[in-house]
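For reference, final_19.txt is printed below; it contains compact mmCIF, C-alpha atoms and all ligand atoms.
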```txt
# COMPACT_ATOMS: atom_id res chain seq x y z
CA MET N 654 163.53 60.98 92.94
CA SER N 655 160.68 60.60 95.39
CA LYS N 656 157.85 60.34 92.92
CA GLN N 657 157.58 59.64 89.21
CA GLU N 658 156.68 62.83 87.37
CA GLN N 659 156.02 61.62 83.88
CA GLY N 660 153.80 63.47 81.44
CA ILE N 661 152.18 60.73 79.39
CA ILE N 662 150.49 62.03 76.28
CA LEU N 663 148.28 59.89 74.06
CA SER N 664 149.00 61.96 71.00
CA GLU N 665 146.45 62.90 68.34
CA ASN N 666 148.83 65.45 66.81
CA LEU N 667 152.50 64.60 67.14
CA ALA N 668 153.80 68.03 66.07
CA VAL N 669 151.66 69.89 68.62
CA ASN N 670 152.18 67.44 71.46
CA LEU N 671 155.90 67.14 70.90
CA LYS N 672 156.22 70.93 70.95
CA GLN N 673 154.39 70.97 74.31
CA ALA N 674 156.67 68.23 75.65
CA ILE N 675 159.81 70.01 74.43
CA ASP N 676 158.61 73.33 75.88
CA ARG N 677 158.34 71.65 79.28
CA CYS N 678 162.12 71.18 79.15
CA PRO N 679 164.00 74.41 78.44
CA HIS N 680 167.25 73.29 76.80
CA ASP N 681 170.31 74.49 74.92
CA LYS N 682 170.58 71.64 72.40
CA LEU N 683 168.18 68.99 71.18
CA PHE N 684 169.30 65.50 70.13
CA ILE N 685 167.51 62.47 68.77
CA LEU N 686 168.39 58.81 69.23
CA THR N 687 166.96 56.14 66.92
CA ASP N 688 167.93 52.71 65.70
CA GLU N 689 168.43 51.64 62.11
CA HIS N 690 164.80 50.48 61.81
CA THR N 691 163.10 53.49 63.35
CA SER N 692 165.43 55.86 61.53
CA ARG N 693 164.12 54.43 58.26
CA LEU N 694 160.48 53.84 59.18
CA CYS N 695 159.62 56.49 61.76
CA THR N 696 162.05 59.42 61.71
CA PRO N 697 160.71 60.77 58.39
CA ARG N 698 157.55 61.73 60.28
CA LEU N 699 159.63 63.86 62.65
CA TRP N 700 161.54 65.60 59.85
CA LYS N 701 158.20 66.83 58.51
CA ILE N 702 157.79 68.83 61.72
CA GLY N 703 159.28 72.22 60.87
CA TYR N 704 160.83 73.12 64.22
CA LEU N 705 162.79 69.84 64.26
CA SER N 706 164.71 70.49 61.07
CA GLY N 707 168.44 70.42 61.57
CA MET N 708 168.18 68.32 64.70
CA LYS N 709 171.12 65.99 65.35
CA GLU N 710 170.23 62.27 65.01
CA PHE N 711 172.31 59.33 66.20
CA VAL N 712 171.42 55.92 64.81
CA ILE N 713 172.33 52.75 66.69
CA GLY N 714 172.00 49.11 65.59
CA ALA N 715 168.54 47.60 66.06
CA GLY N 716 167.77 44.72 68.41
CA ASP N 717 168.58 43.64 71.94
CA THR N 718 172.12 42.56 70.97
CA HIS N 719 172.98 46.26 70.71
CA LYS N 720 171.81 47.11 74.22
CA THR N 721 175.41 47.08 75.39
CA LEU N 722 178.06 49.09 77.16
CA ASP N 723 179.74 49.67 73.76
CA THR N 724 176.60 51.22 72.30
CA LEU N 725 176.12 53.28 75.44
CA ALA N 726 179.72 54.54 75.18
CA SER N 727 179.11 55.46 71.52
CA ILE N 728 176.09 57.56 72.57
CA TRP N 729 178.10 59.31 75.29
CA THR N 730 180.88 59.99 72.75
CA TRP N 731 178.40 61.41 70.26
CA LEU N 732 176.82 63.64 72.93
CA SER N 733 180.22 64.81 74.05
CA ASN N 734 181.46 65.54 70.51
CA SER N 735 178.23 67.36 69.73
CA GLY N 736 178.58 69.69 72.69
CA ALA N 737 175.76 68.30 74.84
CA THR N 738 175.54 69.82 78.30
CA ARG N 739 173.58 69.22 81.45
CA HIS N 740 170.92 71.51 79.91
CA SER N 741 170.44 69.50 76.73
CA LEU N 742 167.44 67.37 75.81
CA LEU N 743 167.31 63.93 74.16
CA LEU N 744 164.40 62.47 72.19
CA ASN N 745 164.38 58.67 72.11
CA LEU N 746 162.43 57.42 69.10
CA GLY N 747 162.11 53.66 68.98
CA GLY N 748 161.22 50.48 70.80
CA GLY N 749 162.18 49.49 74.33
CA MET N 750 165.84 49.02 73.42
CA VAL N 751 166.16 52.66 72.31
CA THR N 752 164.12 54.07 75.20
CA ASP N 753 166.01 52.01 77.84
CA LEU N 754 169.43 52.78 76.41
CA GLY N 755 168.73 56.42 75.53
CA GLY N 756 167.16 57.00 78.94
CA PHE N 757 170.25 55.58 80.63
CA ALA N 758 172.59 57.66 78.46
CA ALA N 759 170.68 60.86 79.23
CA ALA N 760 170.40 60.04 82.94
CA THR N 761 174.15 59.58 83.28
CA PHE N 762 175.77 62.08 80.85
CA LYS N 763 177.21 64.92 82.96
CA ARG N 764 175.16 63.42 85.83
CA GLY N 765 171.99 63.58 83.82
CA PHE N 766 169.81 65.69 81.59
CA PRO N 767 166.14 65.27 80.65
CA TYR N 768 164.78 63.07 77.91
CA ILE N 769 161.51 62.44 76.11
CA ASN N 770 160.37 59.01 74.92
CA ILE N 771 158.51 58.54 71.65
CA PRO N 772 157.85 54.78 71.65
CA THR N 773 157.23 53.18 68.26
CA THR N 774 156.38 49.60 69.30
CA LEU N 775 153.39 48.48 71.32
CA LEU N 776 155.67 46.94 73.97
CA ALA N 777 157.48 50.24 74.43
CA MET N 778 154.22 52.24 74.46
CA VAL N 779 152.53 50.29 77.22
CA ASP N 780 155.55 49.17 79.22
CA ALA N 781 159.20 50.02 78.52
CA SER N 782 158.93 53.77 77.95
CA VAL N 783 156.79 54.37 81.03
CA GLY N 784 158.02 54.07 84.62
CA GLY N 785 161.64 55.14 84.51
CA LYS N 786 163.49 51.84 84.23
CA THR N 787 166.56 52.47 82.06
CA GLY N 788 169.65 50.38 81.43
CA ILE N 789 171.72 47.97 79.40
CA ASN N 790 172.44 44.25 79.28
CA PHE N 791 175.76 43.27 80.86
CA ASN N 792 177.77 40.13 81.34
CA GLY N 793 175.12 38.05 79.56
CA LEU N 794 172.37 39.33 81.88
CA LYS N 795 169.42 41.40 80.73
CA ASN N 796 169.06 44.92 82.14
CA GLU N 797 171.82 44.19 84.64
CA ILE N 798 173.10 47.78 84.84
CA GLY N 799 170.77 50.76 84.94
CA VAL N 800 169.03 53.45 86.94
CA PHE N 801 165.50 54.56 87.66
CA ALA N 802 165.16 57.81 85.72
CA PRO N 803 161.74 58.67 84.31
CA ALA N 804 161.34 60.40 80.96
CA SER N 805 160.14 63.94 81.28
CA SER N 806 157.36 63.07 78.81
CA VAL N 807 156.20 59.99 76.95
CA LEU N 808 154.43 60.65 73.66
CA ILE N 809 152.34 57.77 72.42
CA ASP N 810 151.20 57.96 68.82
CA VAL N 811 149.49 54.76 67.67
CA ARG N 812 150.09 55.67 64.00
CA PHE N 813 153.64 54.37 64.48
CA LEU N 814 152.11 50.91 64.95
CA SER N 815 151.15 50.71 61.28
CA SER N 816 154.75 49.70 60.50
CA LEU N 817 154.85 47.09 63.27
CA ASP N 818 154.61 43.42 62.30
CA HIS N 819 151.93 41.08 63.67
CA HIS N 820 154.25 39.24 66.09
CA ASN N 821 155.60 42.41 67.67
CA LEU N 822 152.08 43.77 68.01
CA LEU N 823 151.07 40.62 69.87
CA SER N 824 154.22 40.78 71.96
CA GLY N 825 153.20 44.21 73.29
CA TYR N 826 149.61 43.09 73.66
CA ALA N 827 150.69 40.49 76.25
CA GLU N 828 151.73 43.33 78.58
CA MET N 829 148.31 44.93 78.00
CA LEU N 830 146.66 41.66 78.94
CA LYS N 831 148.74 41.63 82.11
CA HIS N 832 147.58 45.18 82.88
CA GLY N 833 143.99 44.00 82.35
CA LEU N 834 144.46 41.13 84.80
CA ILE N 835 145.86 43.40 87.51
CA SER N 836 143.29 46.16 87.04
CA THR N 837 139.56 45.71 86.51
CA GLU N 838 137.26 42.95 85.34
CA SER N 839 135.77 45.14 82.60
CA HIS N 840 139.17 46.07 81.14
CA TRP N 841 140.35 42.45 81.28
CA ALA N 842 137.14 41.25 79.58
CA GLU N 843 137.32 43.81 76.75
CA LEU N 844 140.96 42.93 76.07
CA LEU N 845 139.94 39.31 75.43
CA ARG N 846 137.77 40.55 72.54
CA PHE N 847 140.80 41.75 70.56
CA ASP N 848 141.19 40.21 67.11
CA PRO N 849 144.83 40.60 66.03
CA LYS N 850 143.97 39.51 62.49
CA GLN N 851 141.67 42.51 62.07
CA VAL N 852 143.13 45.24 64.21
CA ASP N 853 140.72 48.03 65.08
CA TYR N 854 143.26 50.86 65.68
CA ASP N 855 140.69 53.21 67.26
CA ARG N 856 139.80 50.57 69.83
CA LEU N 857 143.47 49.75 70.34
CA HIS N 858 144.22 53.46 70.88
CA GLU N 859 141.58 53.58 73.62
CA TRP N 860 142.89 50.42 75.32
CA ILE N 861 146.51 51.60 75.11
CA GLY N 862 145.40 54.72 77.00
CA LYS N 863 143.84 52.57 79.73
CA SER N 864 146.83 50.25 79.83
CA VAL N 865 149.31 53.05 80.29
CA GLN N 866 147.18 54.51 83.09
CA VAL N 867 147.27 51.14 84.90
CA LYS N 868 151.07 51.14 84.79
CA LYS N 869 151.40 54.84 85.60
CA ALA N 870 149.17 54.56 88.68
CA ILE N 871 151.20 51.65 90.04
CA VAL N 872 154.57 53.26 89.34
CA GLU N 873 153.48 56.49 91.02
CA GLN N 874 152.69 54.56 94.19
CA ASP N 875 155.96 52.62 94.21
CA PRO N 876 158.57 53.97 91.77
CA PHE N 877 161.43 51.79 93.06
CA GLU N 878 159.58 48.46 93.21
CA HIS N 879 159.61 47.90 96.95
CA GLY N 880 155.98 46.75 97.00
CA ILE N 881 153.02 47.15 94.68
CA ARG N 882 155.13 47.73 91.55
CA LYS N 883 155.81 43.99 91.78
CA ALA N 884 152.25 43.58 90.43
CA LEU N 885 153.80 44.40 87.05
CA ASN N 886 155.86 41.21 87.33
CA LEU N 887 152.79 39.00 86.88
CA GLY N 888 153.64 36.37 84.26
CA HIS N 889 157.29 37.42 84.23
CA THR N 890 158.85 35.00 86.72
CA VAL N 891 158.00 32.03 84.51
CA GLY N 892 158.07 34.18 81.36
CA HIS N 893 161.71 35.17 81.88
CA ALA N 894 162.60 31.50 82.44
CA PHE N 895 160.95 30.57 79.11
CA GLU N 896 162.80 33.44 77.44
CA SER N 897 166.15 32.33 78.87
CA LEU N 898 165.58 28.67 77.96
CA ALA N 899 164.63 29.66 74.42
CA LEU N 900 167.79 31.77 74.14
CA LYS N 901 169.96 28.97 75.54
CA GLU N 902 168.55 26.56 72.95
CA ASN N 903 169.06 29.03 70.11
CA ARG N 904 165.35 29.49 69.43
CA PRO N 905 164.73 33.00 70.82
CA VAL N 906 161.16 34.13 71.43
CA LEU N 907 159.72 37.62 71.67
CA HIS N 908 159.44 38.93 75.22
CA GLY N 909 155.66 39.30 75.13
CA TYR N 910 155.15 35.75 73.90
CA ALA N 911 157.17 34.47 76.86
CA VAL N 912 155.08 36.69 79.16
CA ALA N 913 151.84 35.31 77.66
CA TRP N 914 152.99 31.72 78.30
CA GLY N 915 154.21 32.82 81.73
CA LEU N 916 150.71 34.17 82.43
CA VAL N 917 149.24 30.73 81.69
CA CYS N 918 151.52 29.20 84.32
CA GLU N 919 151.11 31.93 86.90
CA LEU N 920 147.32 31.99 86.57
CA TYR N 921 147.37 28.27 87.29
CA LEU N 922 149.56 28.95 90.34
CA SER N 923 147.17 31.75 91.30
CA HIS N 924 144.29 29.31 91.03
CA ILE N 925 145.81 26.69 93.29
CA GLN N 926 147.50 29.04 95.77
CA THR N 927 145.35 32.15 95.97
CA GLY N 928 142.01 30.95 94.60
CA PHE N 929 141.92 32.68 91.19
CA PRO N 930 138.60 31.59 89.60
CA VAL N 931 138.96 28.70 87.19
CA ASN N 932 136.57 30.14 84.57
CA LYS N 933 138.58 33.37 84.26
CA MET N 934 141.80 31.38 84.14
CA MET N 935 140.45 29.24 81.28
CA GLN N 936 139.09 32.25 79.33
CA THR N 937 142.50 33.93 79.50
CA ILE N 938 144.34 30.73 78.58
CA ARG N 939 142.05 30.21 75.58
CA PHE N 940 142.92 33.69 74.28
CA ILE N 941 146.64 33.08 74.76
CA LYS N 942 146.54 29.66 73.15
CA GLU N 943 144.67 30.97 70.11
CA ASN N 944 146.94 33.94 69.55
CA TYR N 945 150.37 33.01 70.90
CA GLY N 946 150.52 29.28 70.17
CA THR N 947 152.65 27.22 72.51
CA PHE N 948 156.19 27.09 73.82
CA ASP N 949 157.61 23.70 73.01
CA MET N 950 159.04 22.00 76.09
CA ASN N 951 159.14 18.63 77.83
CA CYS N 952 159.73 17.38 81.37
CA GLN N 953 163.49 17.38 80.80
CA HIS N 954 163.35 21.17 80.71
CA TYR N 955 161.77 21.51 84.17
CA GLU N 956 165.05 21.51 86.08
CA THR N 957 166.59 24.18 83.82
CA LEU N 958 163.47 26.35 84.03
CA TYR N 959 163.52 26.00 87.81
CA GLU N 960 167.19 27.09 87.93
CA PHE N 961 166.44 30.10 85.74
CA MET N 962 163.60 31.14 88.06
CA LEU N 963 165.80 30.69 91.13
CA HIS N 964 168.42 33.05 89.69
CA ASP N 965 165.99 35.77 88.65
CA LYS N 966 167.21 39.13 90.01
CA LYS N 967 163.78 39.84 91.54
CA ASN N 968 164.34 37.16 94.20
CA ALA N 969 165.77 37.51 97.67
CA ALA N 970 167.67 34.82 99.60
CA GLY N 971 167.13 31.69 97.55
CA THR N 972 163.33 31.85 97.20
CA ILE N 973 161.43 32.43 93.98
CA ASN N 974 159.23 35.50 94.20
CA PHE N 975 155.86 35.42 92.44
CA THR N 976 153.11 37.95 91.99
CA LEU N 977 149.81 36.07 92.00
CA LEU N 978 146.13 37.02 91.80
CA GLU N 979 143.17 36.17 94.02
CA ASP N 980 140.93 37.44 91.23
CA VAL N 981 141.16 39.97 88.42
CA GLY N 982 142.48 43.15 90.06
CA ARG N 983 143.15 41.46 93.42
CA ILE N 984 146.92 41.26 93.61
CA SER N 985 148.99 39.17 95.98
CA ILE N 986 152.70 40.04 95.87
CA ASN N 987 155.65 38.18 97.46
CA GLN N 988 154.22 34.70 97.01
CA THR N 989 156.48 31.66 97.08
CA THR N 990 155.98 28.00 96.32
CA ASP N 991 157.91 24.72 96.25
CA ARG N 992 159.62 22.85 93.45
CA GLU N 993 156.97 20.11 93.31
CA THR N 994 154.18 22.66 92.80
CA LEU N 995 156.18 24.32 90.04
CA TYR N 996 156.72 21.02 88.26
CA GLY N 997 152.95 20.42 88.55
CA MET N 998 152.44 23.87 87.02
CA PHE N 999 154.60 22.90 84.04
CA ASP N 1000 152.59 19.66 83.65
CA PHE N 1001 149.42 21.75 83.61
CA TYR N 1002 150.92 24.12 81.03
CA ARG N 1003 151.88 21.28 78.72
CA ASP N 1004 148.52 19.54 79.11
CA CYS N 1005 146.30 22.55 78.55
CA ILE N 1006 148.23 24.52 76.01
CA SER N 1007 149.32 21.72 73.70
CA MET N 1008 145.87 20.07 73.50
N1 LIG E 1101 158.23 46.28 83.28
C1 LIG E 1101 157.83 46.26 84.62
C2 LIG E 1101 158.14 47.53 85.33
O1 LIG E 1101 158.37 48.55 84.71
O2 LIG E 1101 158.16 47.54 86.53
```
Any chance you could put this one into structure tokens?
Amino acid sequence: MSKQEQGIILSENLAVNLKQAIDRCPHDKLFILTDEHTSRLCTPRLWKIGYLSGMKEFVIGAGDTHKTLDTLASIWTWLSNSGATRHSLLLNLGGGMVTDLGGFAAATFKRGFPYINIPTTLLAMVDASVGGKTGINFNGLKNEIGVFAPASSVLIDVRFLSSLDHHNLLSGYAEMLKHGLISTESHWAELLRFDPKQVDYDRLHEWIGKSVQVKKAIVEQDPFEHGIRKALNLGHTVGHAFESLALKENRPVLHGYAVAWGLVCELYLSHIQTGFPVNKMMQTIRFIKENYGTFDMNCQHYETLYEFMLHDKKNAAGTINFTLLEDVGRISINQTTDRETLYGMFDFYRDCISM
């Protein structure tokens, strides 16, 4: 794969757009993968589409705990028993778990056949389903095994969001905020006007379109994350450490919440290391504080958080790799810092977000 060739469709008419996406992939058999939530809440919309009647559906358990080798093997077994070939086509209908796992299953079965993503959560629409990262968790590590294998098409239909709860909507929105920060001042500024208590779905539809274009443009330049794709890691170095700490202490948090709190920390680091303007940092932090609350931690957690960051798979040779910003849209990848600065960053986080 030299370049990502993903058709991303912001769908106004799922039946028509799905037909176009399916027609792009001549196939012998069509399969659909869902999880127990999307099968109940979202698949009925597909069954209303005449040409999909009789399609074979496989339903896996919902949630990240099912993103395993066992589930993957069960998908391979189902494909095999159902006579899938290298010329088959898989539709993944669900959140990031389904699109990551289904993408990996399709990319590896008989050395790979095409798949289409129909993301049903905001996180999957603006991030997971776009860009070709597929895989499973392994050995206690998230997304440890996988391949880069882009979906042939990604169909985004915001009507699926009507069944999404408030917290999961905000979780996906954190990735949109990240895309705002790494793109343009006007997109970043409009995103800060979002009111999650009174969601304007038309506006959200428009911003999702912009958000996906930000990610698509970056992935097209650097599909395998050798350079500029690292921009998409903004907020994630600290965010993943928060997520891991929360998991370790049996108080799991949604990915996007951890990313939002990670953005607070990494904007501070951007301010002191690469000159990110303080007023834009504070505007963004205010939005995050109001909508995402705070992650409860004290100075006894610093060491553990530091260790988590040190062992992040994005690092090379014992240094912690950060993506920082000089300003909105001015990205500085491959930044490092020292332990003292990071502890100062955690002090800042606790001071400003818990006030
Ligand atoms: N989620 C970040 C990326 O796709 O690179």
- Between atom CA of Asn745 of chain N and atom CA of Leu885 of chain N, distance in Å (one decimal):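 Taking atom CA of Asn745 of chain N and atom CA of Leu885 of chain N, their separation equals 23.2 Å.
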- Extract, using all atoms listed in the file, all DNA, RNA and protein residues at most 12 Å from Asn792 of chain N, discarding same-chain residues fewer than 4 positions from it, and format them as a list in words. Lys720, Thr721, Leu722, Asn796, Glu797 and Ile798 of chain N
- Task: Could you please give me, as an NGL selection string, the residues of protein, DNA or RNA lying at most 12 Å from (177.7, 66.1, 77.4) in the coordinate frame of the file, considering all atoms listed in the file?
- Result: :N and (681-684 or 726 or 728-743 or 758-766)
- Message: Applying 8 Å and all atoms listed in the file, which residues near His832 of chain N remain after dropping the ones on its own chain fewer than 5 positions away? List them as a list in words.
- Response: Trp841, Ser864, Val867, Lys868 and Leu885 of chain N
- Looking at all atoms listed in the file, which of N:Asp949, N:Asp980, N:Asp723, N:Asp1004 is the one that sits closest to Phe791 of chain N? N:Asp723
Test item: residues no farther than 7 Å from ligand LIG 1101 (chain E), counting all atoms listed in the file, as an mmCIF file with C-alpha atoms, in the frame of the given file:
```
data_model
loop_
_atom_site.group_PDB
_atom_site.id
_atom_site.type_symbol
_atom_site.label_atom_id
_atom_site.label_comp_id
_atom_site.auth_asym_id
_atom_site.auth_seq_id
_atom_site.Cartn_x
_atom_site.Cartn_y
_atom_site.Cartn_z
ATOM 1 C CA ASP N 780 155.550 49.170 79.220
ATOM 2 C CA ALA N 781 159.200 50.020 78.520
ATOM 3 C CA GLY N 784 158.020 54.070 84.620
ATOM 4 C CA LYS N 786 163.490 51.840 84.230
ATOM 5 C CA GLU N 878 159.580 48.460 93.210
ATOM 6 C CA ARG N 882 155.130 47.730 91.550
ATOM 7 C CA LYS N 883 155.810 43.990 91.780
ATOM 8 C CA LEU N 885 153.800 44.400 87.050
ATOM 9 C CA ASN N 886 155.860 41.210 87.330
#
```
- Message: So that I can see what lies close to Tyr704 of chain N, please list as a count of residues only the residues with an atom at most 12 Å from it, counting only C-alpha atoms and leaving out residues fewer than 3 positions away in the same chain.
- Response: 12
- Just the residues within 7 Å of Leu663 of chain N, please, counting only C-alpha atoms, with nothing from its chain fewer than 2 positions along; format it as a PyMOL selection string. chain N and resi 661+665+808-810+862
For the residues in that selection, give me C-alpha atoms as a PDB file, in the coordinates of the input.
```pdb
ATOM      1  CA  ILE N 661     152.180  60.730  79.390  1.00  0.00           C
ATOM      2  CA  GLU N 665     146.450  62.900  68.340  1.00  0.00           C
ATOM      3  CA  LEU N 808     154.430  60.650  73.660  1.00  0.00           C
ATOM      4  CA  ILE N 809     152.340  57.770  72.420  1.00  0.00           C
ATOM      5  CA  ASP N 810     151.200  57.960  68.820  1.00  0.00           C
ATOM      6  CA  GLY N 862     145.400  54.720  77.000  1.00  0.00           C
TER       7      GLY N 862
END
```
- Item | Interatomic distance, atom CA of Tyr768 of chain N to atom CA of Leu667 of chain N (Å, one decimal) |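 Rounded to one decimal, the two atoms are 16.4 Å apart.
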- Task: Take atom CA of Lys967 of chain N and atom CA of Ile986 of chain N and report the distance between them in Å, one decimal.
- Result: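 These two atoms are separated by 11.9 Å.
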- For Leu977 of chain N, which residue among N:Gly997, N:Pro803, N:Pro772, N:Gly928 is the nearest when counting all atoms listed in the file?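 Closest residue, counting all atoms listed in the file: N:Gly928.
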For Glu896 of chain N: contacts at 8 Å, all atoms listed in the file, fewer than 5 positions along chain excluded, given as an mmCIF file with C-alpha atoms, keeping the file's coordinate frame:
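Written out: around11.cif:
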```cif
data_model
loop_
_atom_site.group_PDB
_atom_site.id
_atom_site.type_symbol
_atom_site.label_atom_id
_atom_site.label_comp_id
_atom_site.auth_asym_id
_atom_site.auth_seq_id
_atom_site.Cartn_x
_atom_site.Cartn_y
_atom_site.Cartn_z
ATOM 1 C CA PRO N 905 164.730 33.000 70.820
ATOM 2 C CA VAL N 906 161.160 34.130 71.430
ATOM 3 C CA LEU N 907 159.720 37.620 71.670
ATOM 4 C CA HIS N 908 159.440 38.930 75.220
ATOM 5 C CA ALA N 911 157.170 34.470 76.860
#
```
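With distances restricted to all atoms listed in the file, N:Thr696 is the closest residue to Thr773 of chain N from N:Thr696, N:Asn666, N:Thr927, N:Gln659.
Nearest residue to Tyr910 of chain N, choosing from N:Thr718, N:Ser706, N:Ser824, N:Gln874 and counting all atoms listed in the file: N:Ser824.
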- Query: Taking only C-alpha atoms into account, which of N:Ser664, N:Asn968, N:Gln953, N:Gln866 comes nearest Val779 of chain N?
  - Reply: N:Gln866
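For the choices N:Val891, N:Leu775, N:Leu844, N:Val865, the atom-to-atom distance to His964 of chain N is smallest for N:Val891 when using all atoms listed in the file.
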